[in-house]
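A.B. asks: Before anything else, here's the structure in question.
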Amino acid sequence: VYLSESKSKFYYQHPGKTKEIMISSVKSGDNSLFTANQFSWASFDLYDEYINLGRTIVSPLADNAFSHYKFRLEQFITDRNGIGVNKIKIIPKTTNGPLISGYMYITDDLWNIYSTDLVITGHALKNTFLDSIEVRQVFIPVEEPDKWRLLSQVFSFKAGVLGFKLGGTFSYIFSDYVLNKDMSGLFSDNETFRVEKKSLKKDTTFWNTVRPIPLTTEEQNDYIKKDSLQLVWNSKTYMDSTDRIKNRFTLLKLLTGYTFNKSYKNTSITIPSPLSTMRFNAVEGFNLSINPIWEKEDSTYRKWTVQPLVEYGFSDKRLKTSITLKYRFDNYNQGSIFFRGGRQLQQFDAQQPINERNNTWTSLWNKINNIRLFQNDFASFGYAKETFNGFFINLSTMYTSRQSVFVNTQYSFRHKKRIFAENIPRTDLNPSIYSKNTYWKNTISLLLRPAQKYSSYPYTKIRDVSDWPNIFIDYESGIPLTSSAALFHKLSIRIRDKYVNCRLLGYFSYNVEGNTFLGKAPTFFGDFFHPLGNQLQSPIGPDFSNFNLLPYYEFSTDRYFLQVNFRHHFNGFIFDKIPLVNKTSLKFVIGFSGLYEKYKGQYYEPFIGIENFKLGPIHLFDVDYSWAFDRSGFRDNGITFRLSQILNN
């Protein structure tokens, strides 16, 4: 399936800084610069206390290793250079813990690693897709007597999904070590990996000269076959012929959607399935939309997108049309400009807390319509770019004219006598906040990712998870164009980190935010601040800043609110100790969500949960049980099935 070779320069600076520069790369049947064959992704150092492989693994050389492992000296041997070597078996004290098994070979007297032969199981990583990972390493002295470094590493895996077996091997050979070199200039930025533009220019003669491991017959044949096929695959004649086959319309595409490709010109038109775009709500009734997407991309990954949207509601009998035009002019720095304009029905909360597919189910089956909509006639223009590493800016300006819409149907599959609630979020507020208004709105959004590490490819930048939290700053000014509206200034600051490693205890995520209006309050409900509520037992793909039991819009405010969300994932630390459960991928989770709003005071939800319910490698849902409290005390409790986003696609 995949065959790749590469040659890199790898740099290390204590403590823990690394940088890899790939100077040559080749893949059978593919001239892409993207490769999985980089050592940065497979670095495995037993001298570290802990090793992160999706789950934190305890090293058998850690200070607390004897709490997790038994060790048995099985053999003493002498190599051909006269070095004594102890063969030590690593025996985990539990079969399901985050532990390694296998062998370490330790030099006598020097007590450094001579070689390793290790196995990590999928159970240890809580990964149902993975069967096992094998790591074999050999070390050599690069400076006598005791400075030994890695000579070779073979990283193999076995996996399985839906009856299919997968496997792969990544081999690494190290040479030309240079010690005690000043590399301060090399680590002046946060780039950890880079592919040189000329890395694809090396010919067969070069590879035959530098290749440290001879190709197997299978690998030789793979290069010959796929490289020959690549010439055919990349020809206009072949691309046009395959496009003619793929572009044929079939009845199946009524379910999956239809795409018309011009592969040689990197152009496509996609039309989603009309069945997937059918929705229902109490305002429009059944709503059908046509949302084709035209895209064109060039060799530097610049991209043009045109996306018209036509919607029709069979109960309100109104046609809504809009269009999005977007040009990505700088793929490396995510630079883009866009225009959007037209007429749409939108939720009062721009975060769209109510999933349209969820709302369709609850409306038709239970006759409960949670979604609240208003009509928006708008035209907006925006610009976005990462101006320097870890600093993203998004500027936009918009003309918007908004007005109320009303319930137009009482249809549902059941509960014929039940009546849909009015299409307003709150009945306790002055009706004037839903009045027609016109604004000119300007927005500045900043995202700061301190110490963001990244990998560089020609025209592409891959951003890694930062060790620091993300900081979001959003400012919006609303300039009224009608006499009944009021000028407002809206400021939001959020600090969010989705992964804080707690080693054996798992990891936690948190979100802390403060939101306020500067000066006067807004006069339209859609401009309020809206904490993310939930009234569904099975929401699809909720953000971790959602509440589980908070009714939609109950704590929406025209003043200020403060919010905290915390979720700790134990990653097997709890369930590893429970028989039978420790054989599964399930993980225990606890958390807390809370907010404070000027008029209604505090609201908070502690919860416990079980996550990682899977079908093979496919994540299906998580389960939370929450208790809700406000300033009057206990108010509610209940279970929430947090469905995977895959169910919305």
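Every chain in the structure tokens has a letter given in the order shown (A, B, ...), and although residue numbers restart at 1 in each chain, ligands are simply numbered from 1 in the order shown.
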What parts of region 471-540 of chain A does DSSP call strand (DSSP E)? I'd like the answer as a ChimeraX atom specification.

C.D. replies: /A:471-480,488-501,507-517

A.B. asks: Print the selection's residues with C-alpha atoms to a file, as a PDB file, in the first residue's frame.

C.D. replies:
```pdb
ATOM      1  CA  ILE A 471      -6.221  32.457  23.568  1.00  0.00           C
ATOM      2  CA  PHE A 472      -9.208  33.794  21.610  1.00  0.00           C
ATOM      3  CA  ILE A 473     -10.058  37.493  21.567  1.00  0.00           C
ATOM      4  CA  ASP A 474     -13.174  38.625  19.677  1.00  0.00           C
ATOM      5  CA  TYR A 475     -14.331  42.212  19.356  1.00  0.00           C
ATOM      6  CA  GLU A 476     -17.451  43.291  17.477  1.00  0.00           C
ATOM      7  CA  SER A 477     -18.934  46.742  16.976  1.00  0.00           C
ATOM      8  CA  GLY A 478     -22.533  47.141  15.907  1.00  0.00           C
ATOM      9  CA  ILE A 479     -23.320  50.472  14.224  1.00  0.00           C
ATOM     10  CA  PRO A 480     -27.106  50.958  13.876  1.00  0.00           C
ATOM     11  CA  PHE A 488     -22.921  48.366  20.962  1.00  0.00           C
ATOM     12  CA  HIS A 489     -19.404  47.073  21.505  1.00  0.00           C
ATOM     13  CA  LYS A 490     -18.969  43.382  22.281  1.00  0.00           C
ATOM     14  CA  LEU A 491     -15.826  41.800  23.744  1.00  0.00           C
ATOM     15  CA  SER A 492     -15.093  38.132  24.396  1.00  0.00           C
ATOM     16  CA  ILE A 493     -11.898  36.547  25.737  1.00  0.00           C
ATOM     17  CA  ARG A 494     -11.475  32.774  25.950  1.00  0.00           C
ATOM     18  CA  ILE A 495      -8.593  30.637  27.163  1.00  0.00           C
ATOM     19  CA  ARG A 496      -8.871  27.042  26.021  1.00  0.00           C
ATOM     20  CA  ASP A 497      -6.680  23.948  26.110  1.00  0.00           C
ATOM     21  CA  LYS A 498      -7.993  20.601  24.889  1.00  0.00           C
ATOM     22  CA  TYR A 499      -5.037  18.522  26.057  1.00  0.00           C
ATOM     23  CA  VAL A 500      -3.087  18.948  29.298  1.00  0.00           C
ATOM     24  CA  ASN A 501      -1.070  15.772  29.885  1.00  0.00           C
ATOM     25  CA  TYR A 507      -5.317  14.361  30.555  1.00  0.00           C
ATOM     26  CA  PHE A 508      -7.779  17.195  31.023  1.00  0.00           C
ATOM     27  CA  SER A 509      -9.401  19.899  28.885  1.00  0.00           C
ATOM     28  CA  TYR A 510     -10.578  23.283  30.037  1.00  0.00           C
ATOM     29  CA  ASN A 511     -12.273  26.408  28.760  1.00  0.00           C
ATOM     30  CA  VAL A 512     -12.342  29.723  30.664  1.00  0.00           C
ATOM     31  CA  GLU A 513     -14.076  32.723  29.159  1.00  0.00           C
ATOM     32  CA  GLY A 514     -15.247  36.202  30.013  1.00  0.00           C
ATOM     33  CA  ASN A 515     -17.771  38.123  27.903  1.00  0.00           C
ATOM     34  CA  THR A 516     -19.004  41.681  28.261  1.00  0.00           C
ATOM     35  CA  PHE A 517     -20.518  44.648  26.459  1.00  0.00           C
TER      36      PHE A 517
END
```

A.B. asks: Using only C-alpha atoms, determine which residues lie at most 9 Å from Leu288 (chain A), disregarding the query and same-chain residues fewer than 2 positions distant; provide the list as an NGL selection string.

C.D. replies: :A and (274-275 or 277-280 or 286 or 290 or 310-314)

A.B. asks: Need the shell around Glu356 (chain A): protein/DNA/RNA residues with any atom at most 10 Å away, counting only C-alpha atoms. Skip same-chain ones fewer than 3 positions apart. Format as a PyMOL selection string?

C.D. replies: chain A and resi 277-281+352-353+359-362+370-371+540+648

A.B. asks: Store the residues of this selection in a file with N, CA, C and O atoms, as a PDB file, in the first residue's frame.

C.D. replies:
```
ATOM      1  N   THR A 277     -29.808  16.899   2.625  1.00  0.00           N
ATOM      2  CA  THR A 277     -30.070  18.316   2.885  1.00  0.00           C
ATOM      3  C   THR A 277     -31.512  18.577   3.318  1.00  0.00           C
ATOM      4  O   THR A 277     -31.866  19.714   3.626  1.00  0.00           O
ATOM      5  N   MET A 278     -32.341  17.550   3.338  1.00  0.00           N
ATOM      6  CA  MET A 278     -33.730  17.724   3.779  1.00  0.00           C
ATOM      7  C   MET A 278     -33.782  17.917   5.290  1.00  0.00           C
ATOM      8  O   MET A 278     -33.226  17.131   6.047  1.00  0.00           O
ATOM      9  N   ARG A 279     -34.423  18.982   5.731  1.00  0.00           N
ATOM     10  CA  ARG A 279     -34.567  19.272   7.154  1.00  0.00           C
ATOM     11  C   ARG A 279     -36.019  19.648   7.453  1.00  0.00           C
ATOM     12  O   ARG A 279     -36.824  19.901   6.542  1.00  0.00           O
ATOM     13  N   PHE A 280     -36.341  19.718   8.754  1.00  0.00           N
ATOM     14  CA  PHE A 280     -37.681  20.129   9.163  1.00  0.00           C
ATOM     15  C   PHE A 280     -37.570  21.023  10.382  1.00  0.00           C
ATOM     16  O   PHE A 280     -36.809  20.747  11.313  1.00  0.00           O
ATOM     17  N   ASN A 281     -38.326  22.115  10.388  1.00  0.00           N
ATOM     18  CA  ASN A 281     -38.497  22.938  11.583  1.00  0.00           C
ATOM     19  C   ASN A 281     -39.869  23.600  11.509  1.00  0.00           C
ATOM     20  O   ASN A 281     -40.521  23.591  10.453  1.00  0.00           O
ATOM     21  N   GLN A 352     -24.685  28.351  16.593  1.00  0.00           N
ATOM     22  CA  GLN A 352     -25.606  27.311  16.147  1.00  0.00           C
ATOM     23  C   GLN A 352     -25.633  26.133  17.141  1.00  0.00           C
ATOM     24  O   GLN A 352     -25.230  25.014  16.810  1.00  0.00           O
ATOM     25  N   PRO A 353     -26.126  26.376  18.356  1.00  0.00           N
ATOM     26  CA  PRO A 353     -26.098  25.327  19.386  1.00  0.00           C
ATOM     27  C   PRO A 353     -27.029  24.164  19.093  1.00  0.00           C
ATOM     28  O   PRO A 353     -26.842  23.071  19.628  1.00  0.00           O
ATOM     29  N   ASN A 359     -32.772  18.576  15.552  1.00  0.00           N
ATOM     30  CA  ASN A 359     -34.049  19.285  15.640  1.00  0.00           C
ATOM     31  C   ASN A 359     -35.099  18.663  14.726  1.00  0.00           C
ATOM     32  O   ASN A 359     -36.288  18.641  15.061  1.00  0.00           O
ATOM     33  N   THR A 360     -34.680  18.149  13.568  1.00  0.00           N
ATOM     34  CA  THR A 360     -35.619  17.468  12.673  1.00  0.00           C
ATOM     35  C   THR A 360     -36.220  16.255  13.360  1.00  0.00           C
ATOM     36  O   THR A 360     -37.443  16.037  13.325  1.00  0.00           O
ATOM     37  N   TRP A 361     -35.373  15.448  14.013  1.00  0.00           N
ATOM     38  CA  TRP A 361     -35.858  14.252  14.701  1.00  0.00           C
ATOM     39  C   TRP A 361     -36.826  14.608  15.825  1.00  0.00           C
ATOM     40  O   TRP A 361     -37.903  14.017  15.943  1.00  0.00           O
ATOM     41  N   THR A 362     -36.444  15.554  16.672  1.00  0.00           N
ATOM     42  CA  THR A 362     -37.291  15.883  17.821  1.00  0.00           C
ATOM     43  C   THR A 362     -38.593  16.552  17.387  1.00  0.00           C
ATOM     44  O   THR A 362     -39.631  16.360  18.020  1.00  0.00           O
ATOM     45  N   ASN A 370     -36.877  22.901  18.975  1.00  0.00           N
ATOM     46  CA  ASN A 370     -35.973  23.698  19.808  1.00  0.00           C
ATOM     47  C   ASN A 370     -35.330  24.857  19.064  1.00  0.00           C
ATOM     48  O   ASN A 370     -34.927  25.841  19.676  1.00  0.00           O
ATOM     49  N   ILE A 371     -35.224  24.753  17.760  1.00  0.00           N
ATOM     50  CA  ILE A 371     -34.484  25.749  17.000  1.00  0.00           C
ATOM     51  C   ILE A 371     -35.273  27.062  16.940  1.00  0.00           C
ATOM     52  O   ILE A 371     -36.501  27.061  16.853  1.00  0.00           O
ATOM     53  N   ILE A 540     -25.597  15.711  18.883  1.00  0.00           N
ATOM     54  CA  ILE A 540     -24.559  15.255  17.958  1.00  0.00           C
ATOM     55  C   ILE A 540     -23.375  16.197  18.017  1.00  0.00           C
ATOM     56  O   ILE A 540     -23.504  17.396  17.835  1.00  0.00           O
ATOM     57  N   ASN A 648     -23.523  12.873  12.024  1.00  0.00           N
ATOM     58  CA  ASN A 648     -24.123  14.037  11.382  1.00  0.00           C
ATOM     59  C   ASN A 648     -23.734  14.133   9.912  1.00  0.00           C
ATOM     60  O   ASN A 648     -24.173  15.027   9.210  1.00  0.00           O
TER      61      ASN A 648
END
```

A.B. asks: Nearest to Asp189 (chain A): which of A:Ser585, A:Ser538, A:Ser289, A:Gln452 is it, counting only C-alpha atoms?

C.D. replies: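 Among A:Ser585, A:Ser538, A:Ser289, A:Gln452, it is A:Gln452 that comes nearest to Asp189 (chain A).
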
A.B. asks: Give me, as an MDAnalysis selection string, all polymer residues having an atom no more than 12 Å from Arg211 (chain A), counting only C-alpha atoms and skipping those fewer than 2 positions away in the same chain.

C.D. replies: chainID A and resid 4:7 24:26 171:174 204:209 213:215

A.B. asks: From a DSSP calculation on the backbone, collect every residue of region 51-200 of chain A in alpha helix (DSSP H) and output the set as a VMD selection string.

C.D. replies: chain A and resid 122 to 125

A.B. asks: Could you write out that same residue set with all heavy atoms as a JSON list (two decimals), in the first residue's frame?

C.D. replies:
```json
[["chain", "number", "residue", "atom", "x", "y", "z"],
["A", 122, "GLY", "N", -2.25, -3.03, 21.87],
["A", 122, "GLY", "CA", -3.35, -2.09, 21.71],
["A", 122, "GLY", "C", -4.14, -1.94, 22.99],
["A", 122, "GLY", "O", -4.66, -0.86, 23.28],
["A", 123, "HIS", "N", -4.26, -3.02, 23.78],
["A", 123, "HIS", "CA", -4.96, -2.93, 25.07],
["A", 123, "HIS", "C", -4.27, -1.93, 25.99],
["A", 123, "HIS", "O", -4.93, -1.16, 26.70],
["A", 123, "HIS", "CB", -5.01, -4.30, 25.74],
["A", 123, "HIS", "CG", -6.01, -5.24, 25.14],
["A", 123, "HIS", "ND1", -7.34, -4.94, 25.04],
["A", 123, "HIS", "CD2", -5.86, -6.47, 24.60],
["A", 123, "HIS", "CE1", -7.99, -5.95, 24.47],
["A", 123, "HIS", "NE2", -7.11, -6.90, 24.19],
["A", 124, "ALA", "N", -2.94, -1.93, 25.99],
["A", 124, "ALA", "CA", -2.21, -1.01, 26.85],
["A", 124, "ALA", "C", -2.44, 0.44, 26.45],
["A", 124, "ALA", "O", -2.42, 1.33, 27.30],
["A", 124, "ALA", "CB", -0.72, -1.33, 26.80],
["A", 125, "LEU", "N", -2.68, 0.66, 25.16],
["A", 125, "LEU", "CA", -2.91, 2.02, 24.66],
["A", 125, "LEU", "C", -4.40, 2.38, 24.62],
["A", 125, "LEU", "O", -4.75, 3.48, 24.20],
["A", 125, "LEU", "CB", -2.32, 2.17, 23.25],
["A", 125, "LEU", "CG", -0.80, 1.98, 23.15],
["A", 125, "LEU", "CD1", -0.36, 2.03, 21.69],
["A", 125, "LEU", "CD2", -0.07, 3.04, 23.95]]
```

A.B. asks: Within 9 Å of Gly526 (chain A), counting only C-alpha atoms, which residues qualify if same-chain residues fewer than 2 places away don't, as a ChimeraX atom specification?

C.D. replies: /A:347-350,374,433-434,522-524,528-530

A.B. asks: Filtering to all heavy atoms, could you give me those residues as a compact mmCIF listing (two decimals), in the first residue's frame?

C.D. replies:
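Produced file selection-v5.txt, reproduced below:
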```txt
# COMPACT_ATOMS: atom_id res chain seq x y z
N GLN A 347 -29.95 30.92 13.24
CA GLN A 347 -30.24 30.82 14.67
C GLN A 347 -29.83 32.11 15.38
O GLN A 347 -28.89 32.79 14.96
CB GLN A 347 -29.49 29.63 15.27
CG GLN A 347 -29.93 28.29 14.71
CD GLN A 347 -29.32 27.12 15.47
OE1 GLN A 347 -29.28 27.12 16.71
NE2 GLN A 347 -28.87 26.12 14.74
N PHE A 348 -30.53 32.44 16.45
CA PHE A 348 -30.21 33.64 17.22
C PHE A 348 -28.79 33.58 17.78
O PHE A 348 -28.14 34.60 17.92
CB PHE A 348 -31.22 33.84 18.35
CG PHE A 348 -32.53 34.41 17.87
CD1 PHE A 348 -33.57 33.57 17.50
CD2 PHE A 348 -32.72 35.78 17.78
CE1 PHE A 348 -34.78 34.09 17.06
CE2 PHE A 348 -33.92 36.32 17.34
CZ PHE A 348 -34.96 35.46 16.97
N ASP A 349 -28.34 32.39 18.11
CA ASP A 349 -26.96 32.21 18.55
C ASP A 349 -26.13 31.82 17.33
O ASP A 349 -26.35 30.76 16.73
CB ASP A 349 -26.88 31.12 19.62
CG ASP A 349 -25.48 30.95 20.19
OD1 ASP A 349 -24.55 31.61 19.70
OD2 ASP A 349 -25.33 30.15 21.14
N ALA A 350 -25.14 32.66 16.97
CA ALA A 350 -24.31 32.39 15.79
C ALA A 350 -23.49 31.12 15.94
O ALA A 350 -22.99 30.58 14.95
CB ALA A 350 -23.39 33.58 15.53
N PHE A 374 -34.31 33.61 12.80
CA PHE A 374 -34.71 34.92 12.29
C PHE A 374 -34.21 35.04 10.86
O PHE A 374 -33.31 34.31 10.43
CB PHE A 374 -34.14 36.06 13.16
CG PHE A 374 -32.64 36.17 13.13
CD1 PHE A 374 -32.00 36.95 12.18
CD2 PHE A 374 -31.87 35.50 14.08
CE1 PHE A 374 -30.61 37.05 12.16
CE2 PHE A 374 -30.48 35.61 14.06
CZ PHE A 374 -29.85 36.38 13.10
N ILE A 433 -37.04 43.37 21.47
CA ILE A 433 -35.70 42.86 21.16
C ILE A 433 -35.71 41.93 19.94
O ILE A 433 -34.65 41.52 19.47
CB ILE A 433 -35.06 42.14 22.36
CG1 ILE A 433 -35.83 40.86 22.70
CG2 ILE A 433 -34.95 43.05 23.55
CD1 ILE A 433 -35.10 39.99 23.69
N TYR A 434 -36.92 41.59 19.44
CA TYR A 434 -37.02 40.78 18.22
C TYR A 434 -37.44 41.64 17.02
O TYR A 434 -37.74 41.11 15.95
CB TYR A 434 -38.02 39.64 18.42
CG TYR A 434 -37.72 38.77 19.62
CD1 TYR A 434 -38.60 38.69 20.70
CD2 TYR A 434 -36.54 38.03 19.69
CE1 TYR A 434 -38.33 37.91 21.81
CE2 TYR A 434 -36.26 37.25 20.80
CZ TYR A 434 -37.15 37.18 21.85
OH TYR A 434 -36.87 36.41 22.94
N PRO A 522 -26.97 45.81 23.67
CA PRO A 522 -27.58 45.68 22.33
C PRO A 522 -29.09 45.65 22.44
O PRO A 522 -29.66 45.33 23.49
CB PRO A 522 -27.03 44.35 21.83
CG PRO A 522 -26.77 43.56 23.08
CD PRO A 522 -26.33 44.56 24.11
N THR A 523 -29.76 45.98 21.33
CA THR A 523 -31.22 46.04 21.33
C THR A 523 -31.85 44.90 20.54
O THR A 523 -33.08 44.84 20.42
CB THR A 523 -31.69 47.38 20.74
OG1 THR A 523 -31.05 47.59 19.48
CG2 THR A 523 -31.34 48.54 21.67
N PHE A 524 -31.03 43.98 20.00
CA PHE A 524 -31.55 42.81 19.28
C PHE A 524 -31.03 41.55 19.96
O PHE A 524 -29.84 41.44 20.28
CB PHE A 524 -31.13 42.84 17.81
CG PHE A 524 -31.63 41.67 17.00
CD1 PHE A 524 -32.99 41.50 16.78
CD2 PHE A 524 -30.74 40.73 16.48
CE1 PHE A 524 -33.46 40.42 16.05
CE2 PHE A 524 -31.20 39.65 15.74
CZ PHE A 524 -32.56 39.50 15.53
N PHE A 528 -26.98 39.31 21.75
CA PHE A 528 -26.67 38.97 23.14
C PHE A 528 -25.53 37.93 23.18
O PHE A 528 -25.18 37.31 22.18
CB PHE A 528 -27.89 38.36 23.84
CG PHE A 528 -28.95 39.35 24.24
CD1 PHE A 528 -29.17 40.51 23.52
CD2 PHE A 528 -29.75 39.11 25.36
CE1 PHE A 528 -30.16 41.42 23.89
CE2 PHE A 528 -30.75 40.00 25.73
CZ PHE A 528 -30.95 41.16 24.99
N PHE A 529 -24.99 37.72 24.37
CA PHE A 529 -24.12 36.58 24.61
C PHE A 529 -24.99 35.37 24.93
O PHE A 529 -25.96 35.48 25.69
CB PHE A 529 -23.17 36.84 25.78
CG PHE A 529 -22.05 37.79 25.45
CD1 PHE A 529 -21.97 39.03 26.06
CD2 PHE A 529 -21.07 37.44 24.53
CE1 PHE A 529 -20.95 39.90 25.77
CE2 PHE A 529 -20.04 38.31 24.23
CZ PHE A 529 -19.97 39.55 24.84
N HIS A 530 -24.62 34.22 24.39
CA HIS A 530 -25.44 33.02 24.56
C HIS A 530 -24.57 31.84 25.01
O HIS A 530 -23.85 31.25 24.19
CB HIS A 530 -26.13 32.64 23.25
CG HIS A 530 -26.91 33.75 22.62
ND1 HIS A 530 -28.11 34.20 23.12
CD2 HIS A 530 -26.64 34.52 21.53
CE1 HIS A 530 -28.57 35.18 22.35
NE2 HIS A 530 -27.68 35.40 21.38
```

A.B. asks: Give me the residues near Asp117 (chain A) as a list in words, where near means some atom within 8 Å (using only C-alpha atoms) and where sequence neighbours in that chain fewer than 4 positions away do not count.

C.D. replies: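 The filter keeps Gly102, Tyr103, Met104, Glu134, Val135, Arg136 and Gln137 of chain A.
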
A.B. asks: Based on the selection just made, write C-alpha atoms of those residues as a PDB file, in the first residue's frame.

C.D. replies:
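Output (out_36.pdb):
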```pdb
ATOM      1  CA  GLY A 102       9.885  -7.501  25.941  1.00  0.00           C
ATOM      2  CA  TYR A 103      13.633  -7.329  26.479  1.00  0.00           C
ATOM      3  CA  MET A 104      16.287  -4.747  27.285  1.00  0.00           C
ATOM      4  CA  GLU A 134       7.056  -3.687  18.139  1.00  0.00           C
ATOM      5  CA  VAL A 135      10.178  -1.576  18.639  1.00  0.00           C
ATOM      6  CA  ARG A 136      13.683  -2.921  18.050  1.00  0.00           C
ATOM      7  CA  GLN A 137      16.662  -0.655  18.682  1.00  0.00           C
TER       8      GLN A 137
END
```

A.B. asks: Restricting the calculation to only C-alpha atoms: of A:Phe544, A:Pro539, A:Asp527, A:Phe39, which residue gets closest to Arg559 (chain A)?

C.D. replies: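 Of all the options, A:Asp527 lies closest to Arg559 (chain A).
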
A.B. asks: What gap, in Å, lies between CA of Phe44 (chain A) and CA of Glu144 (chain A)?

C.D. replies: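 One can read the CA of Phe44 (chain A) to CA of Glu144 (chain A) distance as 23.4 Å.
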